[in-house]
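As provided, model.pdb (PDB, C-alpha atoms and all ligand atoms) reads as follows.
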ATOM      1  CA  MET A   1       0.000   0.000   0.000
ATOM      2  CA  LYS A   2       1.295   3.443  -0.938
ATOM      3  CA  ILE A   3       0.660   6.402   1.367
ATOM      4  CA  GLY A   4       0.834  10.037   0.241
ATOM      5  CA  ILE A   5       2.073  12.448   2.880
ATOM      6  CA  GLY A   6       2.315  16.230   3.022
ATOM      7  CA  CYS A   7       2.630  19.124   5.435
ATOM      8  CA  ASP A   8       3.018  22.863   5.604
ATOM      9  CA  HIS A   9       5.936  24.705   7.217
ATOM     10  CA  ALA A  10       4.526  24.005  10.701
ATOM     11  CA  GLY A  11       4.734  20.266  10.237
ATOM     12  CA  VAL A  12       8.011  19.541   8.480
ATOM     13  CA  LYS A  13       9.857  17.840  11.351
ATOM     14  CA  PHE A  14       6.704  15.973  12.411
ATOM     15  CA  LYS A  15       6.123  14.831   8.830
ATOM     16  CA  GLU A  16       9.683  13.508   8.499
ATOM     17  CA  GLN A  17       9.253  11.440  11.661
ATOM     18  CA  ILE A  18       5.824  10.174  10.615
ATOM     19  CA  LYS A  19       7.191   9.305   7.178
ATOM     20  CA  ASP A  20       9.969   7.177   8.708
ATOM     21  CA  TYR A  21       7.442   5.497  10.981
ATOM     22  CA  VAL A  22       5.053   4.708   8.129
ATOM     23  CA  LYS A  23       7.941   3.192   6.177
ATOM     24  CA  SER A  24       8.934   1.119   9.227
ATOM     25  CA  LEU A  25       5.407  -0.366   9.174
ATOM     26  CA  GLY A  26       6.130  -1.657   5.677
ATOM     27  CA  TYR A  27       4.242   0.906   3.576
ATOM     28  CA  GLU A  28       5.590   2.737   0.577
ATOM     29  CA  VAL A  29       5.472   6.520   1.068
ATOM     30  CA  GLU A  30       5.306   9.361  -1.446
ATOM     31  CA  ASP A  31       6.318  12.675   0.098
ATOM     32  CA  PHE A  32       4.633  15.731  -1.452
ATOM     33  CA  GLY A  33       6.480  18.253   0.739
ATOM     34  CA  ALA A  34       6.937  20.706   2.278
ATOM     35  CA  TYR A  35      10.617  19.930   2.590
ATOM     36  CA  THR A  36      11.744  23.099   4.379
ATOM     37  CA  THR A  37      10.270  25.447   6.972
ATOM     38  CA  ASP A  38       9.821  28.194   4.367
ATOM     39  CA  ARG A  39       6.191  29.311   4.497
ATOM     40  CA  VAL A  40       3.821  27.416   2.262
ATOM     41  CA  ASP A  41       0.015  27.519   1.958
ATOM     42  CA  TYR A  42      -1.562  24.341   3.358
ATOM     43  CA  PRO A  43      -4.298  24.164   0.646
ATOM     44  CA  ASP A  44      -1.620  23.726  -2.027
ATOM     45  CA  ILE A  45      -0.164  20.689  -0.260
ATOM     46  CA  ALA A  46      -3.594  19.295   0.658
ATOM     47  CA  LYS A  47      -4.623  19.465  -3.006
ATOM     48  CA  THR A  48      -1.569  17.554  -4.210
ATOM     49  CA  VAL A  49      -1.845  14.813  -1.606
ATOM     50  CA  CYS A  50      -5.608  14.457  -2.110
ATOM     51  CA  GLU A  51      -5.186  14.243  -5.878
ATOM     52  CA  SER A  52      -2.779  11.355  -5.346
ATOM     53  CA  VAL A  53      -5.535   9.597  -3.379
ATOM     54  CA  THR A  54      -8.429  10.299  -5.765
ATOM     55  CA  SER A  55      -6.304   9.309  -8.780
ATOM     56  CA  GLY A  56      -5.476   6.004  -7.108
ATOM     57  CA  ALA A  57      -1.734   6.668  -7.095
ATOM     58  CA  CYS A  58      -1.848   6.503  -3.301
ATOM     59  CA  GLU A  59      -4.359   4.492  -1.307
ATOM     60  CA  LYS A  60      -4.469   6.900   1.633
ATOM     61  CA  GLY A  61      -3.162  10.323   2.543
ATOM     62  CA  ILE A  62      -1.658  11.888   5.650
ATOM     63  CA  LEU A  63      -1.747  15.681   6.048
ATOM     64  CA  ILE A  64       0.002  17.671   8.754
ATOM     65  CA  CYS A  65      -0.142  21.362   9.613
ATOM     66  CA  GLY A  66       0.041  23.301  12.869
ATOM     67  CA  THR A  67      -3.414  22.313  14.067
ATOM     68  CA  GLY A  68      -4.431  19.884  11.331
ATOM     69  CA  ILE A  69      -7.563  22.000  10.908
ATOM     70  CA  GLY A  70      -6.620  23.907   7.766
ATOM     71  CA  MET A  71      -5.411  20.721   6.076
ATOM     72  CA  SER A  72      -8.579  18.817   6.967
ATOM     73  CA  MET A  73     -10.862  21.661   5.865
ATOM     74  CA  ALA A  74      -9.040  22.024   2.548
ATOM     75  CA  ALA A  75      -8.976  18.264   1.952
ATOM     76  CA  ASN A  76     -12.708  17.899   2.606
ATOM     77  CA  LYS A  77     -13.449  20.422  -0.145
ATOM     78  CA  MET A  78     -12.089  17.924  -2.655
ATOM     79  CA  ARG A  79     -14.371  15.481  -4.409
ATOM     80  CA  GLY A  80     -13.910  11.918  -3.182
ATOM     81  CA  ILE A  81     -11.994  12.887  -0.066
ATOM     82  CA  ARG A  82     -13.074  11.999   3.453
ATOM     83  CA  ALA A  83     -10.461  13.574   5.698
ATOM     84  CA  ALA A  84     -10.462  13.048   9.473
ATOM     85  CA  LEU A  85      -8.596  15.280  11.896
ATOM     86  CA  CYS A  86      -7.489  13.010  14.729
ATOM     87  CA  SER A  87      -5.804  13.651  18.061
ATOM     88  CA  ASP A  88      -6.522  10.235  19.573
ATOM     89  CA  THR A  89      -6.195   6.626  18.484
ATOM     90  CA  TYR A  90      -9.859   5.713  19.040
ATOM     91  CA  SER A  91     -11.041   8.310  16.521
ATOM     92  CA  ALA A  92      -8.312   7.218  14.124
ATOM     93  CA  HIS A  93      -9.528   3.630  13.833
ATOM     94  CA  ILE A  94     -13.238   4.440  14.107
ATOM     95  CA  THR A  95     -13.028   6.960  11.265
ATOM     96  CA  ARG A  96     -11.682   4.165   9.065
ATOM     97  CA  GLU A  97     -14.242   1.620  10.284
ATOM     98  CA  HIS A  98     -17.322   3.863  10.178
ATOM     99  CA  ASN A  99     -16.545   6.840   7.902
ATOM    100  CA  ASP A 100     -14.210   5.112   5.417
ATOM    101  CA  ALA A 101     -11.843   8.070   5.844
ATOM    102  CA  ASN A 102      -9.167   8.098   3.172
ATOM    103  CA  VAL A 103      -7.094  10.979   4.544
ATOM    104  CA  LEU A 104      -5.775  11.480   8.069
ATOM    105  CA  ALA A 105      -4.980  14.993   9.287
ATOM    106  CA  MET A 106      -2.939  15.783  12.386
ATOM    107  CA  GLY A 107      -1.722  18.907  14.148
ATOM    108  CA  ALA A 108       2.023  19.018  14.732
ATOM    109  CA  ARG A 109       1.571  21.810  17.278
ATOM    110  CA  VAL A 110      -1.171  19.903  19.093
ATOM    111  CA  ILE A 111       0.045  16.342  19.630
ATOM    112  CA  GLY A 112       3.423  14.765  20.271
ATOM    113  CA  ILE A 113       5.198  12.544  17.804
ATOM    114  CA  ASP A 114       4.700   9.313  19.779
ATOM    115  CA  LEU A 115       0.934   9.844  19.846
ATOM    116  CA  GLY A 116       1.089  10.842  16.184
ATOM    117  CA  CYS A 117       2.710   7.517  15.320
ATOM    118  CA  ASP A 118       0.106   5.566  17.306
ATOM    119  CA  ILE A 119      -2.671   7.488  15.534
ATOM    120  CA  VAL A 120      -1.162   6.683  12.143
ATOM    121  CA  LYS A 121      -0.897   2.979  12.985
ATOM    122  CA  SER A 122      -4.524   2.889  14.187
ATOM    123  CA  PHE A 123      -5.667   4.647  11.020
ATOM    124  CA  LEU A 124      -3.678   2.544   8.551
ATOM    125  CA  THR A 125      -4.444  -0.841  10.066
ATOM    126  CA  ALA A 126      -8.200  -0.399  10.547
ATOM    127  CA  GLU A 127     -10.645  -1.496   7.845
ATOM    128  CA  TYR A 128     -13.938   0.018   6.752
ATOM    129  CA  VAL A 129     -16.769  -2.220   7.953
ATOM    130  CA  GLY A 130     -19.479  -0.997   5.534
ATOM    131  CA  GLY A 131     -22.957  -2.327   6.376
ATOM    132  CA  ARG A 132     -25.135   0.302   8.052
ATOM    133  CA  HIS A 133     -22.268   2.773   7.806
ATOM    134  CA  ALA A 134     -22.268   2.565   4.004
ATOM    135  CA  VAL A 135     -25.671   4.265   3.834
ATOM    136  CA  ARG A 136     -24.345   7.160   5.912
ATOM    137  CA  VAL A 137     -21.160   7.484   3.902
ATOM    138  CA  GLU A 138     -23.177   7.471   0.670
ATOM    139  CA  LYS A 139     -25.508  10.180   2.027
ATOM    140  CA  MET A 140     -22.523  12.267   3.078
ATOM    141  CA  MET A 141     -20.798  11.895  -0.267
ATOM    142  CA  ALA A 142     -24.008  12.936  -2.059
ATOM    143  CA  PHE A 143     -23.425  16.403  -0.551
ATOM    144  CA  GLU A 144     -20.778  16.814  -3.238
ATOM    145  CA  GLU A 145     -23.635  17.341  -5.686
ATOM    146  CA  LEU A 146     -25.297  20.155  -3.664
TER
HETATM  147  C1  LIG B 201       0.435  28.002   9.975
HETATM  148  O1  LIG B 201       0.908  28.991  10.804
HETATM  149  C2  LIG B 201      -0.868  27.444  10.499
HETATM  150  O2  LIG B 201      -1.898  28.376  10.317
HETATM  151  C3  LIG B 201      -1.195  26.152   9.817
HETATM  152  O3  LIG B 201      -0.154  25.254  10.007
HETATM  153  C4  LIG B 201      -2.434  25.421  10.301
HETATM  154  O4  LIG B 201      -2.454  25.316  11.691
HETATM  155  C5  LIG B 201      -3.703  25.861   9.729
HETATM  156  O5  LIG B 201      -4.759  25.283   9.981
END
Rewrite the structure from the file as structure tokens, please.
Amino acid sequence: MKIGIGCDHAGVKFKEQIKDYVKSLGYEVEDFGAYTTDRVDYPDIAKTVCESVTSGACEKGILICGTGIGMSMAANKMRGIRAALCSDTYSAHITREHNDANVLAMGARVIGIDLGCDIVKSFLTAEYVGGRHAVRVEKMMAFEEL
């Protein structure tokens, strides 16, 4: 499974550590930047990572900014994206199981790296269960046509 990852200037160090961790779990990772702490606009990175998910080039995406909020808001504007901002491991696996989230957002200024790694593992190893949740996901995705 290939994972697309990206961050803004607030999340560069966090992203590097998460990237190494994701690789250590056996996943392939494509890094869409940022690569330095020079200021960059989070929607630009969110767009690139989300496009890699909707095109099928990457199966899931991980987005990091200061709070994770801007990245998640930008990502959820994109057709086909279900981005979840997570600061705990329970939400990280439930958003896969119930919401079929395909992008995980985290705040590098909000959580520590050890928790971030645990959140990533919970997110990547959980599976969508479908069933009654599929109806809700379909209803939610129909909002894209409004
Ligand atoms: C950048 O200073 C900060 O606004 C950004 O990383 C993020 O927190 C936005 O939601």
Please, which residues have at least one atom within 9 Å of an atom of ligand LIG 201 (chain B), using all atoms listed in the file, listed as a PyMOL selection string? chain A and resi 7-11+39-42+64-73+107-109
Can you list, as a PyMOL selection string, every protein, DNA or RNA residue that comes within 7 Å of Val49 in chain A when you count only C-alpha atoms, leaving out same-chain residues fewer than 2 positions away? chain A and resi 4-6+32+45-47+51-53+61
Which residues fall under the PyMOL selection byres (((chain A and resi 111-123) around 10) and not hetatm) in this file, as a PyMOL selection string? chain A and resi 13-15+17-22+25+60+62+66-67+84+86-97+101-110+124-127
Could you tell me how far CA of Ser24 in chain A lies from CA of Asn99 in chain A, in Å and to one decimal? 26.1 Å
Expressed in Å to a single decimal, how great is the separation between CA of Ala74 in chain A and CA of Glu144 in chain A? 14.1 Å
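Relative to CA of Glu28 in chain A, CA of Met78 in chain A is found at 23.5 Å.
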Apply the PyMOL selection byres (((chain A and resi 79) around 10) and not hetatm) to the file shown and report the selected residues as a VMD selection string. chain A and resid 50 to 51 54 75 to 78 80 to 82 141 143 to 145
Could you add N, CA, C and O atoms to range 42-65 of chain A and give me the result as a compact mmCIF listing (two decimals), in the coordinates of the input?
# COMPACT_ATOMS: atom_id res chain seq x y z
N TYR A 42 -1.12 25.74 3.16
CA TYR A 42 -1.56 24.34 3.36
C TYR A 42 -2.54 23.86 2.28
O TYR A 42 -2.50 22.67 1.92
N PRO A 43 -3.41 24.72 1.69
CA PRO A 43 -4.30 24.16 0.65
C PRO A 43 -3.53 23.61 -0.56
O PRO A 43 -4.00 22.65 -1.20
N ASP A 44 -2.39 24.21 -0.87
CA ASP A 44 -1.62 23.73 -2.03
C ASP A 44 -1.12 22.30 -1.79
O ASP A 44 -1.16 21.45 -2.70
N ILE A 45 -0.67 22.04 -0.58
CA ILE A 45 -0.16 20.69 -0.26
C ILE A 45 -1.34 19.71 -0.14
O ILE A 45 -1.27 18.58 -0.64
N ALA A 46 -2.41 20.17 0.51
CA ALA A 46 -3.59 19.30 0.66
C ALA A 46 -4.09 18.85 -0.71
O ALA A 46 -4.42 17.67 -0.91
N LYS A 47 -4.13 19.78 -1.65
CA LYS A 47 -4.62 19.46 -3.01
C LYS A 47 -3.77 18.38 -3.65
O LYS A 47 -4.30 17.41 -4.21
N THR A 48 -2.47 18.52 -3.57
CA THR A 48 -1.57 17.55 -4.21
C THR A 48 -1.71 16.16 -3.60
O THR A 48 -1.78 15.16 -4.31
N VAL A 49 -1.73 16.12 -2.27
CA VAL A 49 -1.84 14.81 -1.61
C VAL A 49 -3.21 14.19 -1.92
O VAL A 49 -3.30 12.99 -2.25
N CYS A 50 -4.27 14.99 -1.86
CA CYS A 50 -5.61 14.46 -2.11
C CYS A 50 -5.76 13.99 -3.56
O CYS A 50 -6.43 12.99 -3.82
N GLU A 51 -5.15 14.69 -4.48
CA GLU A 51 -5.19 14.24 -5.88
C GLU A 51 -4.50 12.89 -6.04
O GLU A 51 -4.93 12.07 -6.86
N SER A 52 -3.46 12.65 -5.26
CA SER A 52 -2.78 11.36 -5.35
C SER A 52 -3.68 10.25 -4.83
O SER A 52 -3.58 9.09 -5.27
N VAL A 53 -4.58 10.60 -3.91
CA VAL A 53 -5.54 9.60 -3.38
C VAL A 53 -6.68 9.38 -4.37
O VAL A 53 -7.02 8.24 -4.70
N THR A 54 -7.26 10.46 -4.87
CA THR A 54 -8.43 10.30 -5.76
C THR A 54 -8.02 9.70 -7.12
O THR A 54 -8.83 9.05 -7.78
N SER A 55 -6.77 9.90 -7.52
CA SER A 55 -6.30 9.31 -8.78
C SER A 55 -5.99 7.83 -8.62
O SER A 55 -5.84 7.11 -9.61
N GLY A 56 -5.84 7.40 -7.36
CA GLY A 56 -5.48 6.00 -7.11
C GLY A 56 -3.98 5.78 -6.99
O GLY A 56 -3.54 4.66 -6.71
N ALA A 57 -3.19 6.82 -7.21
CA ALA A 57 -1.73 6.67 -7.10
C ALA A 57 -1.35 6.29 -5.66
O ALA A 57 -0.41 5.51 -5.44
N CYS A 58 -2.06 6.86 -4.71
CA CYS A 58 -1.85 6.50 -3.30
C CYS A 58 -3.19 6.00 -2.74
O CYS A 58 -4.25 6.50 -3.11
N GLU A 59 -3.10 5.04 -1.86
CA GLU A 59 -4.36 4.49 -1.31
C GLU A 59 -4.93 5.39 -0.22
O GLU A 59 -6.14 5.54 -0.10
N LYS A 60 -4.02 5.99 0.58
CA LYS A 60 -4.47 6.90 1.63
C LYS A 60 -3.51 8.07 1.72
O LYS A 60 -2.38 8.01 1.23
N GLY A 61 -3.99 9.14 2.38
CA GLY A 61 -3.16 10.32 2.54
C GLY A 61 -3.02 10.71 4.01
O GLY A 61 -3.90 10.43 4.82
N ILE A 62 -1.89 11.34 4.31
CA ILE A 62 -1.66 11.89 5.65
C ILE A 62 -1.27 13.35 5.47
O ILE A 62 -0.34 13.66 4.70
N LEU A 63 -2.00 14.24 6.16
CA LEU A 63 -1.75 15.68 6.05
C LEU A 63 -1.44 16.25 7.42
O LEU A 63 -2.14 15.95 8.40
N ILE A 64 -0.44 17.10 7.48
CA ILE A 64 0.00 17.67 8.75
C ILE A 64 0.17 19.18 8.59
O ILE A 64 0.81 19.64 7.65
N CYS A 65 -0.44 19.93 9.51
CA CYS A 65 -0.14 21.36 9.61
C CYS A 65 -0.07 21.69 11.10
O CYS A 65 0.03 20.77 11.92
